[in-house]
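One file, coords31.txt, is given below (compact mmCIF, C-alpha atoms).
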```txt
# COMPACT_ATOMS: atom_id res chain seq x y z
CA MET A 1 -53.22 -28.75 -33.20
CA GLU A 2 -50.26 -26.98 -31.57
CA GLN A 3 -47.08 -28.95 -31.01
CA GLN A 4 -45.35 -28.74 -27.65
CA PRO A 5 -41.70 -27.76 -27.87
CA PRO A 6 -39.38 -30.69 -27.30
CA SER A 7 -37.62 -30.99 -23.98
CA GLY A 8 -34.26 -30.19 -25.51
CA SER A 9 -35.46 -27.13 -27.40
CA SER A 10 -34.06 -23.60 -27.04
CA TRP A 11 -37.31 -22.57 -25.31
CA THR A 12 -36.71 -25.05 -22.49
CA ARG A 13 -33.11 -23.92 -22.11
CA THR A 14 -34.25 -20.29 -21.98
CA VAL A 15 -36.78 -21.06 -19.22
CA THR A 16 -34.16 -23.00 -17.26
CA LYS A 17 -31.62 -20.17 -17.53
CA SER A 18 -34.28 -17.66 -16.47
CA ARG A 19 -35.13 -19.69 -13.39
CA GLN A 20 -31.46 -20.06 -12.52
CA TRP A 21 -30.96 -16.32 -12.91
CA TRP A 22 -33.88 -15.54 -10.63
CA ALA A 23 -32.64 -18.08 -8.08
CA ARG A 24 -29.16 -16.52 -8.07
CA THR A 25 -30.64 -13.03 -7.84
CA TRP A 26 -32.85 -14.02 -4.91
CA SER A 27 -29.92 -15.71 -3.15
CA PHE A 28 -27.75 -12.63 -3.66
CA ALA A 29 -30.47 -10.29 -2.41
CA THR A 30 -31.07 -12.49 0.63
CA ARG A 31 -27.38 -12.56 1.53
CA ARG A 32 -27.12 -8.80 1.12
CA ALA A 33 -30.19 -8.26 3.30
CA ARG A 34 -28.83 -10.53 6.02
CA SER A 35 -25.41 -8.86 6.02
CA GLY A 36 -27.05 -5.42 6.03
CA ALA A 37 -29.28 -6.36 8.94
CA SER A 38 -26.25 -7.68 10.82
CA ARG A 39 -24.38 -4.40 10.26
CA VAL A 40 -27.39 -2.39 11.40
CA THR A 41 -27.74 -4.49 14.56
CA SER A 42 -24.06 -4.07 15.46
CA ALA A 43 -24.26 -0.31 14.76
CA LEU A 44 -27.27 0.46 16.98
CA VAL A 45 -25.29 1.49 20.05
CA PRO A 46 -22.33 3.16 18.24
CA ALA A 47 -24.75 5.14 16.08
CA ALA A 48 -26.64 6.36 19.13
CA VAL A 49 -23.40 7.37 20.90
CA THR A 50 -22.06 9.14 17.81
CA SER A 51 -25.33 11.02 17.26
CA LEU A 52 -25.51 12.17 20.88
CA CYS A 53 -21.85 13.20 20.81
CA ALA A 54 -22.28 15.35 17.69
CA VAL A 55 -25.36 17.10 19.03
CA LEU A 56 -23.76 17.57 22.46
CA ALA A 57 -20.74 19.26 20.86
CA TYR A 58 -23.05 21.58 18.91
CA VAL A 59 -25.14 22.42 21.99
CA PHE A 60 -22.07 23.05 24.14
CA ALA A 61 -20.51 25.42 21.60
CA GLU A 62 -23.81 27.23 21.09
CA LEU A 63 -25.06 27.54 24.68
CA VAL A 64 -21.84 27.60 26.71
CA LEU A 65 -19.47 29.39 24.32
CA GLY A 66 -22.20 31.49 22.72
CA HIS A 67 -21.24 30.64 19.13
CA GLN A 68 -23.83 30.97 16.39
CA ASP A 69 -24.40 27.88 14.22
CA PRO A 70 -21.32 25.96 15.46
CA LEU A 71 -21.46 23.33 12.72
CA PHE A 72 -17.74 22.64 12.94
CA ALA A 73 -18.17 21.39 16.52
CA ALA A 74 -20.59 18.70 15.35
CA THR A 75 -18.59 17.77 12.25
CA ALA A 76 -15.33 17.52 14.18
CA ALA A 77 -16.98 15.19 16.70
CA LEU A 78 -18.49 13.03 13.96
CA ILE A 79 -15.26 12.76 11.99
CA ALA A 80 -13.16 12.04 15.08
CA LEU A 81 -15.43 9.26 16.31
CA GLY A 82 -16.16 7.75 12.91
CA PHE A 83 -17.08 4.09 12.55
CA ASN A 84 -13.62 2.64 12.78
CA ARG A 85 -12.86 -0.99 13.46
CA ASP A 86 -10.23 0.03 15.99
CA PRO A 87 -11.04 1.82 19.27
CA LYS A 88 -7.81 3.83 18.96
CA VAL A 89 -7.18 6.82 21.20
CA ARG A 90 -4.40 7.86 18.82
CA LYS A 91 -6.80 7.72 15.88
CA VAL A 92 -9.33 9.98 17.58
CA LEU A 93 -6.58 12.42 18.57
CA GLU A 94 -5.12 12.40 15.07
CA VAL A 95 -8.44 13.16 13.41
CA ALA A 96 -9.43 15.76 16.01
CA ILE A 97 -6.09 17.57 15.73
CA GLY A 98 -6.25 17.37 11.94
CA CYS A 99 -9.69 19.00 11.93
CA THR A 100 -8.62 21.71 14.35
CA LEU A 101 -5.39 22.55 12.53
CA GLY A 102 -7.15 22.63 9.18
CA ILE A 103 -9.74 25.07 10.48
CA LEU A 104 -7.04 27.13 12.21
CA ILE A 105 -5.00 27.43 9.01
CA GLY A 106 -8.14 28.40 7.11
CA ASP A 107 -9.03 31.03 9.71
CA LEU A 108 -5.50 32.49 9.74
CA MET A 109 -5.14 32.68 5.96
CA GLN A 110 -8.66 34.02 5.53
CA ALA A 111 -7.92 36.80 8.02
CA VAL A 112 -4.79 37.75 6.04
CA LEU A 113 -5.79 37.06 2.43
CA GLY A 114 -9.55 37.39 2.50
CA GLN A 115 -12.10 35.02 0.95
CA GLY A 116 -12.19 33.83 -2.65
CA TYR A 117 -11.36 31.04 -5.06
CA TRP A 118 -7.63 31.63 -5.40
CA GLN A 119 -7.40 31.99 -1.62
CA ALA A 120 -9.12 28.62 -1.28
CA VAL A 121 -6.57 26.99 -3.61
CA LEU A 122 -3.71 28.48 -1.62
CA VAL A 123 -5.26 27.44 1.71
CA VAL A 124 -5.75 23.82 0.64
CA TYR A 125 -2.23 23.70 -0.84
CA THR A 126 -0.73 25.04 2.38
CA SER A 127 -2.81 22.70 4.54
CA ILE A 128 -1.65 19.65 2.60
CA LEU A 129 2.01 20.63 2.88
CA VAL A 130 1.70 21.34 6.62
CA ALA A 131 -0.11 18.04 7.16
CA ARG A 132 2.56 16.09 5.29
CA PHE A 133 5.22 17.82 7.40
CA ILE A 134 3.49 16.92 10.67
CA ASP A 135 2.32 13.38 9.94
CA SER A 136 2.63 10.76 7.20
CA GLY A 137 -0.93 9.48 7.59
CA ALA A 138 -3.35 10.04 4.70
CA THR A 139 -6.26 10.53 7.12
CA PHE A 140 -4.51 13.43 8.85
CA THR A 141 -3.83 15.15 5.51
CA LEU A 142 -7.40 14.62 4.34
CA GLN A 143 -8.93 16.12 7.47
CA MET A 144 -6.71 19.19 7.45
CA SER A 145 -7.32 19.99 3.77
CA LEU A 146 -11.05 19.30 3.97
CA GLN A 147 -11.65 21.51 6.99
CA SER A 148 -9.49 24.35 5.69
CA VAL A 149 -11.28 24.55 2.34
CA LEU A 150 -14.66 24.59 4.09
CA VAL A 151 -13.53 27.49 6.26
CA VAL A 152 -12.49 29.56 3.25
CA LEU A 153 -15.49 28.78 1.05
CA LEU A 154 -18.23 29.08 3.69
CA PRO A 155 -19.38 32.50 4.94
CA ALA A 156 -17.23 33.99 7.70
CA ALA A 157 -18.21 33.21 11.27
CA GLN A 158 -19.96 36.01 13.13
CA GLY A 159 -18.16 35.38 16.40
CA GLY A 160 -14.69 36.23 15.12
CA PRO A 161 -11.96 34.69 12.96
CA PHE A 162 -11.14 31.84 15.33
CA THR A 163 -14.64 30.86 16.42
CA ARG A 164 -14.68 27.80 14.18
CA SER A 165 -11.31 26.67 15.52
CA GLN A 166 -12.76 26.71 19.02
CA ASP A 167 -15.74 24.70 17.78
CA ALA A 168 -13.41 22.07 16.35
CA VAL A 169 -11.58 21.83 19.68
CA VAL A 170 -14.92 21.29 21.44
CA GLY A 171 -15.94 18.54 18.99
CA GLY A 172 -12.58 16.78 19.20
CA PHE A 173 -12.48 16.97 22.99
CA ILE A 174 -15.97 15.50 23.37
CA ALA A 175 -15.11 12.70 20.92
CA LEU A 176 -11.99 11.87 22.92
CA LEU A 177 -13.93 12.00 26.19
CA VAL A 178 -16.56 9.59 24.85
CA THR A 179 -13.83 7.25 23.55
CA LEU A 180 -12.16 7.11 26.96
CA LEU A 181 -15.28 6.90 29.14
CA MET A 182 -17.45 4.67 26.96
CA PRO A 183 -15.12 2.27 25.14
CA LYS A 184 -16.55 -0.83 23.51
CA ASP A 185 -15.71 -4.34 24.68
CA LEU A 186 -11.92 -4.45 24.52
CA ARG A 187 -11.66 -8.25 24.13
CA LYS A 188 -14.47 -8.80 21.65
CA GLU A 189 -12.50 -8.47 18.40
CA ALA A 190 -9.54 -10.42 19.80
CA ALA A 191 -11.76 -13.22 21.13
CA THR A 192 -13.56 -13.51 17.79
CA GLY A 193 -10.28 -13.48 15.86
CA LEU A 194 -8.72 -16.15 18.09
CA ARG A 195 -11.78 -18.34 17.80
CA ASP A 196 -11.66 -18.12 14.00
CA LEU A 197 -7.91 -18.78 13.98
CA TYR A 198 -8.36 -21.95 16.01
CA VAL A 199 -11.17 -23.12 13.75
CA THR A 200 -8.66 -23.00 10.89
CA LEU A 201 -5.99 -24.77 12.96
CA THR A 202 -8.45 -27.49 14.00
CA ARG A 203 -9.47 -28.01 10.38
CA ALA A 204 -5.81 -28.28 9.34
CA LEU A 205 -5.23 -31.01 11.94
CA ARG A 206 -8.31 -32.86 10.67
CA ASP A 207 -7.00 -32.56 7.12
CA CYS A 208 -3.69 -34.13 8.17
CA SER A 209 -5.54 -37.00 9.84
CA GLU A 210 -7.71 -37.58 6.78
CA ALA A 211 -4.67 -37.36 4.48
CA LEU A 212 -2.89 -40.08 6.47
CA ARG A 213 -5.92 -42.37 6.52
CA SER A 214 -6.60 -41.99 2.79
CA HIS A 215 -2.91 -41.83 1.77
CA GLU A 216 -3.83 -38.68 -0.16
CA SER A 217 -1.32 -35.83 0.31
CA ARG A 218 -3.56 -33.31 -1.45
CA THR A 219 -5.80 -33.24 1.61
CA ALA A 220 -2.85 -32.17 3.74
CA TRP A 221 -2.10 -29.50 1.12
CA MET A 222 -5.55 -28.06 1.83
CA GLY A 223 -4.63 -27.70 5.50
CA LEU A 224 -1.30 -26.12 4.59
CA VAL A 225 -2.97 -23.57 2.31
CA ALA A 226 -5.51 -22.70 5.03
CA CYS A 227 -2.73 -22.11 7.58
CA ARG A 228 -0.79 -19.95 5.13
CA GLY A 229 -3.84 -17.72 4.79
CA THR A 230 -3.98 -16.93 8.51
CA GLN A 231 -1.12 -14.41 8.59
CA THR A 232 -3.39 -11.44 7.88
CA ALA A 233 -5.75 -12.59 10.63
CA VAL A 234 -2.83 -12.83 13.08
CA GLU A 235 -1.68 -9.31 12.19
CA ASN A 236 -5.23 -8.01 12.72
CA LEU A 237 -5.27 -9.76 16.10
CA ARG A 238 -2.06 -7.99 17.09
CA LYS A 239 -3.56 -4.64 16.08
CA ASP A 240 -6.77 -5.34 18.01
CA VAL A 241 -4.85 -6.22 21.17
CA LYS A 242 -2.49 -3.25 20.79
CA ASN A 243 -5.38 -0.81 20.39
CA ALA A 244 -7.27 -2.35 23.31
CA ARG A 245 -4.22 -2.14 25.58
CA GLU A 246 -3.70 1.48 24.56
CA LEU A 247 -7.30 2.31 25.39
CA ALA A 248 -7.10 0.45 28.71
CA THR A 249 -4.04 2.55 29.62
CA PHE A 250 -5.84 5.87 29.18
CA SER A 251 -9.45 4.99 29.98
CA PRO A 252 -10.29 5.32 33.69
CA THR A 253 -13.13 2.82 33.30
CA LYS A 254 -11.04 0.06 31.66
CA ARG A 255 -7.70 0.11 33.46
CA ARG A 256 -8.55 -3.09 35.31
CA ALA A 257 -8.71 -4.89 31.97
CA ARG A 258 -4.98 -4.36 31.31
CA PRO A 259 -3.78 -7.65 32.96
CA GLU A 260 -6.40 -9.59 31.00
CA LEU A 261 -5.31 -7.93 27.77
CA ASP A 262 -1.69 -8.76 28.55
CA GLU A 263 -2.75 -12.42 28.77
CA THR A 264 -4.53 -12.10 25.45
CA ALA A 265 -1.43 -10.59 23.85
CA HIS A 266 0.62 -13.55 25.08
CA THR A 267 -1.98 -15.95 23.71
CA VAL A 268 -1.86 -14.26 20.30
CA GLU A 269 1.93 -14.61 20.13
CA MET A 270 1.84 -18.28 21.14
CA SER A 271 -0.98 -18.96 18.69
CA ASP A 272 1.05 -17.37 15.89
CA LEU A 273 3.98 -19.65 16.68
CA ALA A 274 1.68 -22.67 16.77
CA VAL A 275 0.19 -21.87 13.36
CA ARG A 276 3.66 -21.37 11.89
CA SER A 277 4.66 -24.77 13.28
CA MET A 278 1.49 -26.28 11.81
CA ARG A 279 2.58 -25.18 8.33
CA ILE A 280 5.85 -27.08 8.77
CA VAL A 281 3.97 -30.08 10.12
CA ALA A 282 1.57 -30.13 7.16
CA ARG A 283 4.50 -30.05 4.73
CA ARG A 284 6.10 -32.94 6.62
CA VAL A 285 2.85 -34.94 6.49
CA ILE A 286 2.81 -34.45 2.72
CA SER A 287 6.40 -35.70 2.52
CA VAL A 288 5.67 -38.71 4.73
CA ILE A 289 2.70 -39.73 2.57
CA ASP A 290 4.46 -39.19 -0.75
CA ASN A 291 7.51 -41.17 0.42
CA GLY A 292 5.51 -43.99 2.01
CA ALA A 293 7.41 -43.50 5.27
CA LEU A 294 4.75 -45.10 7.49
CA ASP A 295 3.37 -48.61 7.64
CA ASP A 296 -0.32 -49.25 8.22
CA GLU A 297 0.04 -49.37 12.02
CA GLY A 298 2.03 -46.14 12.19
CA THR A 299 -0.39 -44.42 9.81
CA GLY A 300 -3.36 -45.34 12.00
CA LEU A 301 -1.63 -44.25 15.20
CA LEU A 302 -0.58 -40.88 13.81
CA ALA A 303 -4.00 -40.28 12.24
CA ASP A 304 -5.61 -40.98 15.62
CA TRP A 305 -3.17 -38.57 17.26
CA PHE A 306 -4.08 -35.78 14.83
CA ASP A 307 -7.77 -36.32 15.61
CA GLU A 308 -7.04 -36.18 19.35
CA ALA A 309 -5.01 -33.00 18.90
CA ALA A 310 -7.79 -31.47 16.78
CA ASP A 311 -10.30 -32.15 19.58
CA ALA A 312 -8.00 -30.48 22.13
CA VAL A 313 -7.34 -27.47 19.89
CA GLY A 314 -11.09 -27.10 19.32
CA ILE A 315 -11.58 -26.93 23.10
CA LEU A 316 -8.87 -24.27 23.31
CA GLY A 317 -10.51 -22.17 20.58
CA ARG A 318 -13.89 -22.28 22.30
CA SER A 319 -12.28 -21.46 25.65
CA LEU A 320 -10.63 -18.32 24.29
CA GLY A 321 -14.05 -17.10 23.16
CA GLU A 322 -15.52 -17.25 26.68
CA PRO A 323 -16.67 -13.71 27.63
CA ALA A 324 -16.26 -14.01 31.42
CA ALA A 325 -12.75 -14.28 32.85
CA ALA A 326 -13.69 -16.91 35.45
CA GLY A 327 -15.36 -19.18 32.90
CA ARG A 328 -12.53 -18.66 30.44
CA HIS A 329 -9.84 -19.66 32.93
CA LYS A 330 -11.79 -22.77 33.88
CA SER A 331 -12.24 -23.74 30.23
CA LEU A 332 -8.57 -23.05 29.51
CA SER A 333 -7.66 -25.44 32.31
CA VAL A 334 -9.70 -28.16 30.58
CA ALA A 335 -8.05 -27.31 27.25
CA ARG A 336 -4.61 -27.48 28.88
CA GLY A 337 -5.33 -30.96 30.16
CA ALA A 338 -6.53 -32.14 26.75
CA LEU A 339 -3.51 -30.65 24.98
CA GLY A 340 -1.19 -32.08 27.61
CA GLY A 341 -2.67 -35.54 27.10
CA ALA A 342 -1.99 -35.32 23.37
CA ALA A 343 1.51 -33.95 23.97
CA ALA A 344 2.33 -36.81 26.34
CA ARG A 345 1.98 -39.28 23.44
CA LEU A 346 4.56 -37.57 21.23
CA ASP A 347 7.10 -40.37 21.36
CA PRO A 348 8.16 -41.66 17.94
CA ALA A 349 8.25 -45.23 19.18
CA GLU A 350 4.74 -45.03 20.66
CA LEU A 351 3.30 -43.58 17.45
CA GLY A 352 4.95 -46.13 15.17
CA ALA A 353 7.37 -43.65 13.60
CA THR A 354 10.12 -46.08 12.64
CA THR A 355 11.61 -44.23 9.66
CA LEU A 356 13.58 -41.00 9.58
CA HIS A 357 10.76 -39.07 7.82
CA ALA A 358 8.14 -40.28 10.29
CA GLU A 359 10.33 -39.62 13.32
CA ALA A 360 11.00 -36.08 12.08
CA LEU A 361 7.25 -35.52 11.82
CA VAL A 362 6.71 -36.49 15.47
CA MET A 363 9.61 -34.30 16.59
CA LEU A 364 8.11 -31.32 14.72
CA LEU A 365 4.83 -31.81 16.57
CA ARG A 366 6.46 -31.33 19.97
CA PRO A 367 7.25 -27.55 19.74
CA MET A 368 3.81 -26.92 18.25
CA MET A 369 2.14 -28.55 21.24
CA VAL A 370 4.34 -26.59 23.65
CA ASP A 371 3.20 -23.34 22.00
CA LEU A 372 -0.45 -24.39 22.22
CA ILE A 373 -0.17 -25.32 25.89
CA GLU A 374 1.51 -21.96 26.59
CA ALA A 375 -1.42 -20.29 24.79
CA THR A 376 -3.63 -21.56 27.62
CA GLY A 377 -1.60 -19.51 30.13
CA ALA A 378 0.87 -22.19 31.20
CA SER A 379 4.54 -21.35 31.65
CA HIS A 380 7.12 -22.68 29.23
CA ASP A 381 8.54 -25.12 31.80
CA GLU A 382 5.05 -26.44 32.59
CA ALA A 383 4.29 -26.89 28.90
CA VAL A 384 7.54 -28.74 28.23
CA GLY A 385 6.82 -30.95 31.24
CA TYR A 386 3.92 -32.59 29.39
CA LEU A 387 6.25 -34.01 26.70
CA PRO A 388 7.63 -37.51 27.19
CA ARG A 389 11.37 -37.83 27.75
CA LEU A 390 13.24 -39.32 24.82
```
Spit out the file's structure as structure tokens when you get a sec.
Amino acid sequence: MEQQPPSGSSWTRTVTKSRQWWARTWSFATRRARSGASRVTSALVPAAVTSLCAVLAYVFAELVLGHQDPLFAATAALIALGFNRDPKVRKVLEVAIGCTLGILIGDLMQAVLGQGYWQAVLVVYTSILVARFIDSGATFTLQMSLQSVLVVLLPAAQGGPFTRSQDAVVGGFIALLVTLLMPKDLRKEAATGLRDLYVTLTRALRDCSEALRSHESRTAWMGLVACRGTQTAVENLRKDVKNARELATFSPTKRRARPELDETAHTVEMSDLAVRSMRIVARRVISVIDNGALDDEGTGLLADWFDEAADAVGILGRSLGEPAAAGRHKSLSVARGALGGAAARLDPAELGATTLHAEALVMLLRPMMVDLIEATGASHDEAVGYLPRL
């Protein structure tokens, strides 16, 4: 009669580990599939535009200019458009000019030196040096060297030595035209970034409230660490707004969006100041808890205030994500009222801040709330007007 292996045997542990491995593998594969599907969904329209642009550049160079096999027109358009995160006019111009100059250098040196391996080495070397002289960007250097080596190594064009340079100009021009006439949503990245930033700020306020209620400063440390990690997100927001404003300046279809983008830029700056203030506030909360600077009444009052402020900041974050300008302005008005109500309570005596540490905490909250109210579009004087007089 066969004996069953005991529950604690190596066989049982092996089966358990195998099941855990399969579960982790399935979870990993599922996450990868979901993220891949999300990327495909977001790329449907850009992929279609890029494909049409490349083929259009090829067709134009072939049918209008009469060039045979104008592959450089299609490649220049593809490289210039790319799949960049930023809708930068400067980026498209940089890549397009880099492609064209690389091909031009290759054409010139091929006409003088001929075609061969040592010529290719000399062409690439010269292209890199010229690129570094013109621009410090790595992308510019890469495009010039890549296009020049292709010109030298591929068979000579039948239409003349500078046919491929003309093709590159066609591809770059069409890429620039598409970028200007069919830009993507200029506020989308900024709205998403602001919404995420305010989720972090709301969580930090909740952490401070919980830390006060539980008399546990480590919870406030969690909020402080989260706020410290937002600097990269803020810098990305600045880049998104800068690129969008640049595109709105040159694009004839998006010039009306410039005032709205100016508002967004102001909101980003005020939000950055508010998050910086929140870091100081979180450190002060830690100090207040560790030094026992609040009695039970003051602790409850300040914890309630942090919850109220978190609710108001959450409204602000959701308002900034509103796609339509009319709905966003209406929501920002609601957020301004909620933030103003919280700011109106920032009186040390009202919040039970009877010690020096506690009073300093309340005073540090005042500039943070002014910055948040200004992020809704209010003027500085209007924002300060919500604070109680001391």
Tell me, counting all atoms listed in the file, for each residue of region 279-301 of chain A within 6 Å of region 340-357 of chain A, which pair of atoms is nearest and how far apart they are in Å to one decimal, in rows ordered by chain and increasing number, as JSON lines.
```
{"residue": "A:Val288", "atom": "CA", "partner": "A:His357", "partner_atom": "CA", "distance": 6.0}
{"residue": "A:Gly298", "atom": "CA", "partner": "A:Gly352", "partner_atom": "CA", "distance": 4.2}
{"residue": "A:Leu301", "atom": "CA", "partner": "A:Leu351", "partner_atom": "CA", "distance": 5.5}
```
Report, in Å to a single decimal, how far apart CA of Val123 (chain A) and CA of Gly106 (chain A) are.
6.2 Å
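Proximity ranking of A:Ile174, A:Ala293, A:Ser277, A:Glu94 relative to Ile134 (chain A) places A:Glu94 first, based on only C-alpha atoms.
Put simply, CA of Ala310 (chain A) is 4.9 Å away from CA of Thr202 (chain A).
You can rank A:Glu246, A:Asp371, A:Arg195, A:Thr200 by their closest distance to Ser319 (chain A) using all atoms listed in the file, and at the top of that list sits A:Arg195.
Excluding Thr230 (chain A) itself and same-chain residues fewer than 3 positions from it, the residues having an atom within 9 Å of it are Leu197, Thr200, Ala226, Cys227, Ala233, Val234, Glu235, Asp272 and Val275 of chain A, counting only C-alpha atoms.
For Phe306 (chain A), the list of residues within 8 Å, based on all atoms listed in the file and with local chain neighbours fewer than 2 positions off taken out, reads A:Leu205, A:Arg206, A:Cys208, A:Ser209, A:Leu302, A:Ala303, A:Asp304, A:Glu308, A:Ala309, A:Ala310.
Each of A:Ala257, A:Ala220, A:Leu364, A:Val130 was compared to Ala324 (chain A) using all atoms listed in the file, and A:Ala257 turns out to be the nearest.
The space between CA of Gln110 (chain A) and CA of Val149 (chain A) spans 10.3 Å.
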Distance query region 61-63 of chain A at most 10 Å, all atoms listed in the file, self and fewer than 6 positions along chain excluded, as a VMD selection string
chain A and resid 55 69 to 74 163 to 164 166 to 171
Shell around Asp207 (chain A) at 8 Å using all atoms listed in the file, local window under 6 positions removed, as a PyMOL selection string
chain A and resi 219-220+222-223
Limited to C-alpha atoms, could you put the picked residues into a file as a CSV table (one decimal), in the frame of the given file?
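out19.csv, freshly written:
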```csv
chain,number,residue,atom,x,y,z
A,219,THR,CA,-5.8,-33.2,1.6
A,220,ALA,CA,-2.8,-32.2,3.7
A,222,MET,CA,-5.6,-28.1,1.8
A,223,GLY,CA,-4.6,-27.7,5.5
```
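You can rank A:Met270, A:Ile315, A:Leu153, A:Ala76 by their closest distance to Pro367 (chain A) using only C-alpha atoms, and at the top of that list sits A:Met270.
Considering only C-alpha atoms, the residue among A:Met368, A:Leu212, A:Val199, A:Ala190 positioned nearest to Lys242 (chain A) is A:Ala190.
Residue nearest Tyr58 (chain A), chosen from A:Ala29, A:Leu142, A:Ala338, A:Leu78 and counting all atoms listed in the file: A:Leu78.
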Would you pick out the contacts of Ser148 (chain A) at 7 Å or less, using all atoms listed in the file, so that residues sharing its chain but fewer than 6 positions from it are not included, and give the list as a list in words?
Gly102, Ile103, Ile105, Gly106, Val123, Val124 and Ser127 of chain A
